[in-house]
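Shown next: coords-v3.tsv, containing TSV, C-alpha atoms and all ligand atoms.
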```tsv
chain	number	residue	atom	x	y	z
A	1184	MET	CA	-23.39	-0.73	17.45
A	1185	ASN	CA	-24.00	-2.51	14.14
A	1186	SER	CA	-20.83	-4.59	13.79
A	1187	VAL	CA	-20.84	-4.32	9.96
A	1188	ALA	CA	-20.29	-0.61	10.43
A	1189	ALA	CA	-17.03	-1.20	12.25
A	1190	VAL	CA	-13.54	-2.25	11.25
A	1191	ALA	CA	-11.09	-4.42	13.16
A	1192	VAL	CA	-7.51	-3.51	12.31
A	1193	ILE	CA	-5.38	-6.53	13.17
A	1194	GLY	CA	-1.82	-5.26	13.40
A	1195	SER	CA	-1.60	-1.54	14.08
A	1196	GLY	CA	1.89	-1.04	12.73
A	1197	LYS	CA	2.86	1.47	10.09
A	1198	MET	CA	0.32	0.51	7.42
A	1199	GLY	CA	-2.48	-0.44	9.83
A	1200	GLU	CA	-2.37	3.00	11.40
A	1201	ILE	CA	-2.08	4.81	8.07
A	1202	LEU	CA	-5.02	2.96	6.51
A	1203	ALA	CA	-7.21	3.29	9.61
A	1204	ALA	CA	-6.52	7.03	9.78
A	1205	GLY	CA	-7.31	7.26	6.05
A	1206	MET	CA	-10.70	5.59	6.55
A	1207	VAL	CA	-11.62	8.26	9.08
A	1208	ARG	CA	-10.22	11.09	6.94
A	1209	ALA	CA	-12.28	9.87	3.98
A	1210	GLY	CA	-15.44	9.73	6.11
A	1211	ALA	CA	-15.87	5.94	5.64
A	1212	PHE	CA	-15.85	5.42	9.43
A	1213	ARG	CA	-15.73	7.43	12.61
A	1214	ALA	CA	-12.71	6.84	14.83
A	1215	ASP	CA	-14.88	5.06	17.40
A	1216	GLN	CA	-15.91	2.52	14.73
A	1217	ILE	CA	-12.32	1.31	14.41
A	1218	PHE	CA	-11.03	-1.42	16.75
A	1219	VAL	CA	-7.27	-1.81	16.76
A	1220	THR	CA	-5.06	-4.65	17.98
A	1221	ASP	CA	-1.35	-5.30	17.94
A	1222	ALA	CA	1.24	-7.68	19.36
A	1223	SER	CA	2.43	-4.75	21.47
A	1224	GLU	CA	0.02	-3.24	23.98
A	1225	GLN	CA	2.10	-0.10	24.05
A	1226	ARG	CA	1.65	0.29	20.31
A	1227	VAL	CA	-2.13	-0.08	20.67
A	1228	ALA	CA	-2.15	2.55	23.40
A	1229	GLU	CA	-0.16	4.97	21.22
A	1230	VAL	CA	-2.45	4.52	18.21
A	1231	VAL	CA	-5.61	4.81	20.32
A	1232	ASP	CA	-4.21	7.93	21.93
A	1233	ARG	CA	-3.34	9.54	18.58
A	1234	HIS	CA	-6.60	8.82	16.76
A	1235	GLY	CA	-9.34	8.00	19.26
A	1236	PHE	CA	-9.77	4.42	17.96
A	1237	ARG	CA	-11.00	1.70	20.30
A	1238	SER	CA	-9.06	-1.26	21.63
A	1239	PRO	CA	-11.15	-4.39	22.22
A	1240	GLY	CA	-8.40	-6.31	24.00
A	1241	GLY	CA	-7.40	-8.93	21.43
A	1242	ASN	CA	-7.76	-10.18	17.87
A	1243	LEU	CA	-10.72	-12.46	18.50
A	1244	ALA	CA	-12.63	-9.76	20.38
A	1245	ALA	CA	-11.90	-7.29	17.57
A	1246	VAL	CA	-13.36	-9.45	14.82
A	1247	GLY	CA	-16.36	-10.14	17.02
A	1248	ALA	CA	-17.02	-6.42	17.26
A	1249	ALA	CA	-16.58	-5.62	13.57
A	1250	GLY	CA	-17.94	-6.81	10.24
A	1251	ILE	CA	-14.83	-5.80	8.33
A	1252	VAL	CA	-11.34	-6.98	9.22
A	1253	LEU	CA	-8.19	-5.31	7.95
A	1254	LEU	CA	-5.34	-7.78	8.18
A	1255	ALA	CA	-2.22	-5.62	8.45
A	1256	VAL	CA	0.37	-7.88	10.08
A	1257	LYS	CA	3.61	-8.93	8.42
A	1258	PRO	CA	3.29	-11.90	6.02
A	1259	LYS	CA	5.12	-14.20	8.48
A	1260	ASP	CA	2.44	-13.56	11.14
A	1261	VAL	CA	-0.60	-14.15	8.93
A	1262	ALA	CA	-1.02	-17.90	9.55
A	1263	GLN	CA	-1.04	-17.43	13.32
A	1264	VAL	CA	-3.57	-14.59	13.10
A	1265	LEU	CA	-5.86	-16.65	10.86
A	1266	GLU	CA	-5.82	-19.42	13.43
A	1267	GLU	CA	-6.72	-16.93	16.15
A	1268	ILE	CA	-9.53	-15.09	14.38
A	1269	GLY	CA	-11.00	-18.03	12.45
A	1270	PRO	CA	-13.48	-19.06	15.17
A	1271	GLY	CA	-14.81	-15.49	15.39
A	1272	LEU	CA	-15.61	-15.09	11.70
A	1273	GLY	CA	-19.04	-15.59	10.21
A	1274	ASP	CA	-20.37	-15.68	6.66
A	1275	GLY	CA	-20.89	-11.93	6.51
A	1276	HIS	CA	-17.35	-10.95	7.47
A	1277	LEU	CA	-15.13	-9.26	4.95
A	1278	VAL	CA	-11.38	-9.73	5.48
A	1279	ILE	CA	-9.14	-7.28	3.63
A	1280	SER	CA	-5.50	-8.40	3.66
A	1281	ILE	CA	-2.57	-6.17	2.77
A	1282	ALA	CA	0.07	-8.82	3.54
A	1283	ALA	CA	2.48	-8.88	0.62
A	1284	GLY	CA	2.75	-12.24	-1.11
A	1285	ILE	CA	-0.12	-13.89	0.77
A	1286	THR	CA	-2.75	-15.12	-1.69
A	1287	THR	CA	-6.52	-15.01	-1.20
A	1288	ALA	CA	-6.51	-18.83	-1.56
A	1289	PHE	CA	-4.10	-19.13	1.39
A	1290	ILE	CA	-6.30	-16.90	3.57
A	1291	GLU	CA	-9.49	-18.69	2.51
A	1292	GLN	CA	-7.87	-21.99	3.42
A	1293	GLY	CA	-7.18	-20.65	6.91
A	1294	LEU	CA	-10.64	-19.16	7.36
A	1295	PRO	CA	-13.61	-21.46	6.94
A	1296	GLN	CA	-15.95	-18.47	6.73
A	1297	GLY	CA	-15.84	-14.92	5.46
A	1298	ALA	CA	-14.97	-13.26	2.18
A	1299	VAL	CA	-11.43	-12.17	1.34
A	1300	VAL	CA	-10.14	-9.20	-0.61
A	1301	ARG	CA	-6.41	-8.77	-1.11
A	1302	ALA	CA	-4.89	-5.33	-1.43
A	1303	MET	CA	-1.46	-4.01	-2.38
A	1304	PRO	CA	-1.10	-0.41	-1.18
A	1305	ASN	CA	2.14	1.57	-1.37
A	1306	ALA	CA	4.18	3.84	0.87
A	1307	ALA	CA	2.60	7.07	-0.44
A	1308	SER	CA	-0.59	6.05	1.39
A	1309	GLN	CA	1.01	7.87	4.31
A	1310	VAL	CA	0.28	11.23	2.66
A	1311	GLY	CA	-3.02	10.26	1.03
A	1312	GLU	CA	-1.35	9.78	-2.38
A	1313	GLY	CA	-1.06	6.01	-2.30
A	1314	MET	CA	-1.84	3.69	-5.19
A	1315	THR	CA	-3.67	0.57	-4.12
A	1316	ALA	CA	-4.60	-2.43	-6.23
A	1317	ILE	CA	-7.25	-4.84	-4.96
A	1318	CYS	CA	-8.49	-8.24	-6.07
A	1319	ALA	CA	-11.32	-10.46	-4.93
A	1320	GLY	CA	-10.99	-13.91	-3.41
A	1321	SER	CA	-13.32	-16.67	-4.54
A	1322	ARG	CA	-15.94	-15.94	-1.86
A	1323	ALA	CA	-16.05	-12.14	-2.24
A	1324	THR	CA	-19.02	-10.53	-3.95
A	1325	ILE	CA	-18.89	-7.46	-6.20
A	1326	GLU	CA	-20.44	-5.49	-3.32
A	1327	GLN	CA	-17.70	-6.61	-0.92
A	1328	LEU	CA	-15.01	-5.69	-3.44
A	1329	GLU	CA	-16.67	-2.28	-3.73
A	1330	THR	CA	-16.72	-1.95	0.08
A	1331	ALA	CA	-12.98	-2.64	0.15
A	1332	ARG	CA	-12.43	-0.06	-2.59
A	1333	VAL	CA	-14.35	2.62	-0.71
A	1334	ILE	CA	-12.52	1.88	2.54
A	1335	LEU	CA	-9.04	1.92	1.00
A	1336	GLN	CA	-9.53	4.99	-1.16
A	1337	GLY	CA	-9.07	7.05	2.00
A	1338	VAL	CA	-5.34	6.90	1.24
A	1339	GLY	CA	-5.41	7.38	-2.54
A	1340	PRO	CA	-6.84	5.88	-5.72
A	1341	VAL	CA	-7.77	2.20	-5.80
A	1342	ILE	CA	-7.72	0.00	-8.90
A	1343	VAL	CA	-9.40	-3.41	-9.21
A	1344	ILE	CA	-7.22	-6.11	-10.81
A	1345	GLU	CA	-7.08	-9.86	-11.33
A	1346	GLU	CA	-4.97	-11.56	-8.65
A	1347	SER	CA	-2.66	-12.90	-11.35
A	1348	TYR	CA	-1.36	-9.31	-11.83
A	1349	ILE	CA	-0.39	-8.82	-8.20
A	1350	ASP	CA	3.35	-9.60	-8.59
A	1351	ALA	CA	3.52	-7.12	-11.47
A	1352	VAL	CA	1.66	-4.51	-9.40
A	1353	THR	CA	4.10	-5.11	-6.54
A	1354	ALA	CA	7.01	-4.53	-8.95
A	1355	VAL	CA	5.54	-1.32	-10.38
A	1356	SER	CA	3.54	0.63	-7.80
A	1357	GLY	CA	4.46	-1.33	-4.64
A	1358	SER	CA	8.22	-0.81	-5.03
A	1359	GLY	CA	7.79	2.20	-7.33
A	1360	PRO	CA	8.26	4.95	-4.73
A	1361	ALA	CA	11.81	3.64	-4.17
A	1362	TYR	CA	12.65	3.94	-7.89
A	1363	PHE	CA	11.47	7.55	-8.12
A	1364	ALA	CA	13.19	8.35	-4.83
A	1365	LEU	CA	16.48	6.91	-6.12
A	1366	PHE	CA	16.21	9.07	-9.23
A	1367	ALA	CA	15.41	12.11	-7.07
A	1368	GLU	CA	18.41	11.40	-4.81
A	1369	ALA	CA	20.69	11.26	-7.84
A	1370	MET	CA	19.25	14.51	-9.22
A	1371	ILE	CA	19.72	16.30	-5.90
A	1372	ASP	CA	23.37	15.20	-5.80
A	1373	ALA	CA	23.82	16.24	-9.41
A	1374	GLY	CA	22.36	19.67	-8.63
A	1375	VAL	CA	24.96	20.05	-5.90
A	1376	THR	CA	27.67	18.96	-8.35
A	1377	VAL	CA	26.73	21.82	-10.70
A	1378	GLY	CA	26.86	24.31	-7.85
A	1379	LEU	CA	23.49	24.49	-6.10
A	1380	PRO	CA	23.19	24.61	-2.33
A	1381	ARG	CA	21.74	21.23	-1.24
A	1382	SER	CA	18.57	22.74	0.20
A	1383	VAL	CA	17.88	24.57	-3.08
A	1384	SER	CA	18.54	21.42	-5.11
A	1385	GLU	CA	16.19	19.41	-2.86
A	1386	GLN	CA	13.40	21.94	-3.30
A	1387	LEU	CA	13.85	22.10	-7.08
A	1388	VAL	CA	13.85	18.32	-7.45
A	1389	ALA	CA	10.88	17.65	-5.15
A	1390	GLN	CA	8.63	20.19	-6.85
A	1391	THR	CA	9.79	19.11	-10.32
A	1392	MET	CA	8.85	15.53	-9.45
A	1393	ARG	CA	5.45	16.65	-8.13
A	1394	GLY	CA	4.85	18.94	-11.12
A	1395	THR	CA	5.78	16.26	-13.64
A	1396	ALA	CA	3.39	13.82	-11.95
A	1397	ALA	CA	0.63	16.44	-12.07
A	1398	LEU	CA	1.15	16.99	-15.82
A	1399	VAL	CA	0.43	13.29	-16.30
A	1400	THR	CA	-2.31	12.79	-13.68
A	1401	ASP	CA	-4.13	16.15	-13.89
A	1402	GLY	CA	-2.88	17.52	-17.21
A	1403	GLY	CA	-3.79	14.40	-19.18
A	1404	MET	CA	-0.36	14.20	-20.86
A	1405	GLN	CA	1.43	10.94	-21.63
A	1406	PRO	CA	4.97	10.85	-20.18
A	1407	VAL	CA	6.37	10.85	-23.73
A	1408	GLU	CA	4.44	14.09	-24.44
A	1409	VAL	CA	5.91	15.73	-21.34
A	1410	ARG	CA	9.39	14.76	-22.48
A	1411	SER	CA	8.84	16.04	-26.04
A	1412	ALA	CA	7.34	19.29	-24.77
A	1413	VAL	CA	10.51	20.19	-22.86
A	1414	THR	CA	13.00	18.85	-25.41
A	1415	SER	CA	13.89	21.39	-28.10
A	1416	PRO	CA	16.12	20.14	-30.90
A	1417	GLY	CA	19.77	20.50	-29.94
A	1418	GLY	CA	18.86	22.09	-26.59
A	1419	THR	CA	19.90	21.41	-23.01
A	1420	THR	CA	17.21	18.80	-22.31
A	1421	ALA	CA	18.03	16.95	-25.55
A	1422	MET	CA	21.67	16.71	-24.45
A	1423	ALA	CA	20.66	15.40	-21.01
A	1424	VAL	CA	18.14	12.88	-22.34
A	1425	GLY	CA	20.75	11.65	-24.84
A	1426	GLU	CA	23.12	10.96	-21.93
A	1427	LEU	CA	20.40	9.08	-20.02
A	1428	GLU	CA	19.63	6.95	-23.06
A	1429	ARG	CA	23.34	6.22	-23.69
A	1430	ALA	CA	23.67	5.17	-20.04
A	1431	GLY	CA	20.88	2.66	-20.58
A	1432	VAL	CA	18.38	4.12	-18.12
A	1433	ARG	CA	15.43	2.62	-19.99
A	1434	ALA	CA	16.96	-0.87	-19.93
A	1435	ALA	CA	17.89	-0.45	-16.27
A	1436	VAL	CA	14.26	0.36	-15.41
A	1437	LEU	CA	13.06	-2.65	-17.37
A	1438	ASN	CA	15.55	-4.90	-15.57
A	1439	ALA	CA	14.67	-3.41	-12.18
A	1440	VAL	CA	10.93	-4.01	-12.56
A	1441	GLN	CA	11.60	-7.51	-13.89
A	1442	ALA	CA	13.85	-8.23	-10.87
A	1443	ALA	CA	11.18	-7.03	-8.42
A	1444	PHE	CA	8.56	-9.11	-10.24
A	1445	ASP	CA	10.76	-12.24	-10.09
A	1446	ARG	CA	11.53	-11.65	-6.42
A	1447	SER	CA	7.84	-11.19	-5.58
A	1448	ARG	CA	7.09	-14.57	-7.18
A	1449	VAL	CA	9.91	-16.25	-5.25
A	1450	LEU	CA	8.80	-14.75	-1.92
A	1451	ARG	CA	5.21	-15.79	-2.56
A	1452	GLY	CA	6.30	-19.38	-3.08
A	1453	PRO	CA	4.51	-21.91	-5.25
A	1454	SER	CA	1.69	-22.87	-2.89
A	1455	SER	CA	0.81	-19.83	-0.75
B	1	LIG	N1	4.94	-0.73	4.44
B	1	LIG	C1	4.47	-0.69	3.18
B	1	LIG	O1	4.73	0.25	2.39
B	1	LIG	C2	3.58	-1.80	2.70
B	1	LIG	C3	3.07	-1.74	1.39
B	1	LIG	C4	2.21	-2.77	0.96
B	1	LIG	C5	1.89	-3.80	1.81
B	1	LIG	N2	2.42	-3.84	3.07
B	1	LIG	C6	2.06	-4.95	3.97
B	1	LIG	O2	1.48	-4.41	5.12
B	1	LIG	C7	1.69	-5.32	6.22
B	1	LIG	C8	2.12	-4.51	7.42
B	1	LIG	O3	3.33	-3.85	7.10
B	1	LIG	P1	3.89	-2.71	8.05
B	1	LIG	O4	5.01	-2.06	7.31
B	1	LIG	O5	2.77	-1.88	8.56
B	1	LIG	O6	4.49	-3.63	9.24
B	1	LIG	P2	4.60	-3.30	10.79
B	1	LIG	O7	4.81	-1.83	10.99
B	1	LIG	O8	5.59	-4.26	11.36
B	1	LIG	O9	3.14	-3.65	11.37
B	1	LIG	C9	2.69	-4.93	11.67
B	1	LIG	C10	2.20	-4.91	13.10
B	1	LIG	O10	1.52	-6.14	13.40
B	1	LIG	C11	1.86	-6.49	14.72
B	1	LIG	N3	1.59	-7.92	14.96
B	1	LIG	C12	2.44	-8.98	14.82
B	1	LIG	N4	1.81	-10.11	15.15
B	1	LIG	C13	0.55	-9.79	15.52
B	1	LIG	C14	-0.58	-10.51	15.96
B	1	LIG	N5	-0.52	-11.85	16.12
B	1	LIG	N6	-1.72	-9.85	16.23
B	1	LIG	C15	-1.79	-8.50	16.11
B	1	LIG	N7	-0.75	-7.75	15.68
B	1	LIG	C16	0.41	-8.37	15.40
B	1	LIG	C17	3.31	-6.13	14.82
B	1	LIG	O11	3.74	-6.07	16.16
B	1	LIG	P3	5.31	-6.42	16.45
B	1	LIG	O12	6.11	-5.47	15.64
B	1	LIG	O13	5.41	-6.19	17.92
B	1	LIG	O14	5.50	-7.85	16.02
B	1	LIG	C18	3.33	-4.77	14.12
B	1	LIG	O15	3.05	-3.70	15.00
B	1	LIG	C19	2.73	-6.32	5.76
B	1	LIG	O16	2.12	-7.58	5.54
B	1	LIG	C20	3.26	-5.77	4.45
B	1	LIG	O17	3.55	-6.81	3.54
B	1	LIG	C21	3.25	-2.86	3.54
```

Would you write out, as structure tokens, the structure that this file holds?
Ligand SMILES: NC(=O)c1ccc[n+]([C@@H]2O[C@H](COP(=O)([O-])OP(=O)(O)OC[C@H]3O[C@@H](n4cnc5c(N)ncnc54)[C@H](OP(=O)(O)O)[C@@H]3O)[C@@H](O)[C@H]2O)c1
Amino acid sequence: MNSVAAVAVIGSGKMGEILAAGMVRAGAFRADQIFVTDASEQRVAEVVDRHGFRSPGGNLAAVGAAGIVLLAVKPKDVAQVLEEIGPGLGDGHLVISIAAGITTAFIEQGLPQGAVVRAMPNAASQVGEGMTAICAGSRATIEQLETARVILQGVGPVIVIEESYIDAVTAVSGSGPAYFALFAEAMIDAGVTVGLPRSVSEQLVAQTMRGTAALVTDGGMQPVEVRSAVTSPGGTTAMAVGELERAGVRAAVLNAVQAAFDRSRVLRGPSS
């Protein structure tokens, strides 16, 4: 097999499995072109069993069998993995890292050869509706960045950014599903408070969230247009939006995103 046409997934945890399955779903690779590894052999066996991937028997063997490496271990395990796979990497290798807070410079320092692309996917990748931002390391070509884009778009849209935006991306789309989920939780509880059975409230909220997103993504409306369209003067929505504004929801969102951004910078540290 041509090793460029194969991917080594180092760390087959939650995201590794989701992204590998997405590559197959999107037709970027066949299942037998994906080599998976993990710290746990049982985990590898489960993932191989579920998807028909291959298991080469270790990280070094995996990068030897594949031209593209997806680094999907936790940030704390990255340095050790780089040490392990470094000797197996050649000039033509492309390493795509999804480890939060780990810079392309840090990975390049640990790998004498190979190009690096850093990616920040989010939890909605699990259902093919993820939002992933990618940025190129200093050794990555435009073609390699494009390869990373094609591979990752199996789990949702991919946007190319400068690495300097990555903490902001983490604060918006990385943590974003939690913000919308918190709002949805509150709305479900509120629906129950005004008399709805919980299951009905859950259904109403989930579809309203999906429908609102579709108005923006498919309907071409700005969020402010959606809000105006459903807000008649003196009506029910106007009363509700007034309450949200008085409660400072807008300021709370601003503070929340700023806090996530600040935390991302702290976790990254000054030199990594
Ligand atoms: N989850 C998200 O929504 C999300 C979003 C954006 C980015 N990320 C990034 O994605 C990465 C993976 O996150 P995750 O949630 O998928 O974590 P996870 O489920 O813990 O997966 C990581 C896997 O790597 C394995 N591993 C540890 N050391 C290894 C080694 N030396 N060689 C091979 N495999 C090894 C772990 O095994 P053990 O558990 O046995 O140690 C685990 O199965 C993280 O760096 C995270 O920052 C995650």

Show me which residues line ligand LIG 1 (chain B), defined as having an atom within 7 Å of a ligand atom where only C-alpha atoms and all ligand atoms count, and present them as a list in words.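 Using only C-alpha atoms and all ligand atoms, everything at most 7 Å from ligand LIG 1 (chain B) comes to Ile1193, Gly1194, Ser1195, Gly1196, Lys1197, Met1198, Gly1199, Thr1220, Asp1221, Ala1222, Ser1223, Arg1226, Asn1242, Ala1255, Val1256, Lys1257, Pro1258, Asp1260, Gln1263, Val1264, Ile1281, Ala1282, Ala1283, Met1303, Pro1304, Asn1305, Ala1306 and Gly1357 of chain A.
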
Mind giving me the straight-line distance from atom CA of Glu1346 of chain A to atom CA of Glu1326 of chain A in Å, one decimal?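 Answer for the atom CA of Glu1346 of chain A to atom CA of Glu1326 of chain A separation: 17.5 Å.
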
In terms of the shortest atom-to-atom distance over all atoms listed in the file, which of A:Leu1398, A:Ala1214, A:Val1300, A:Val1352 is closest to Val1231 of chain A? A:Ala1214

Nearest to Leu1335 of chain A by atom-to-atom distance, counting only C-alpha atoms, from A:Gly1313, A:Gly1250, A:Pro1295, A:Gly1320: A:Gly1313

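A straight line drawn from atom CA of Pro1340 of chain A to atom CA of Arg1393 of chain A is 16.5 Å long.
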
Here atom CA of Ser1347 of chain A and atom CA of Gln1296 of chain A stand apart by 23.1 Å
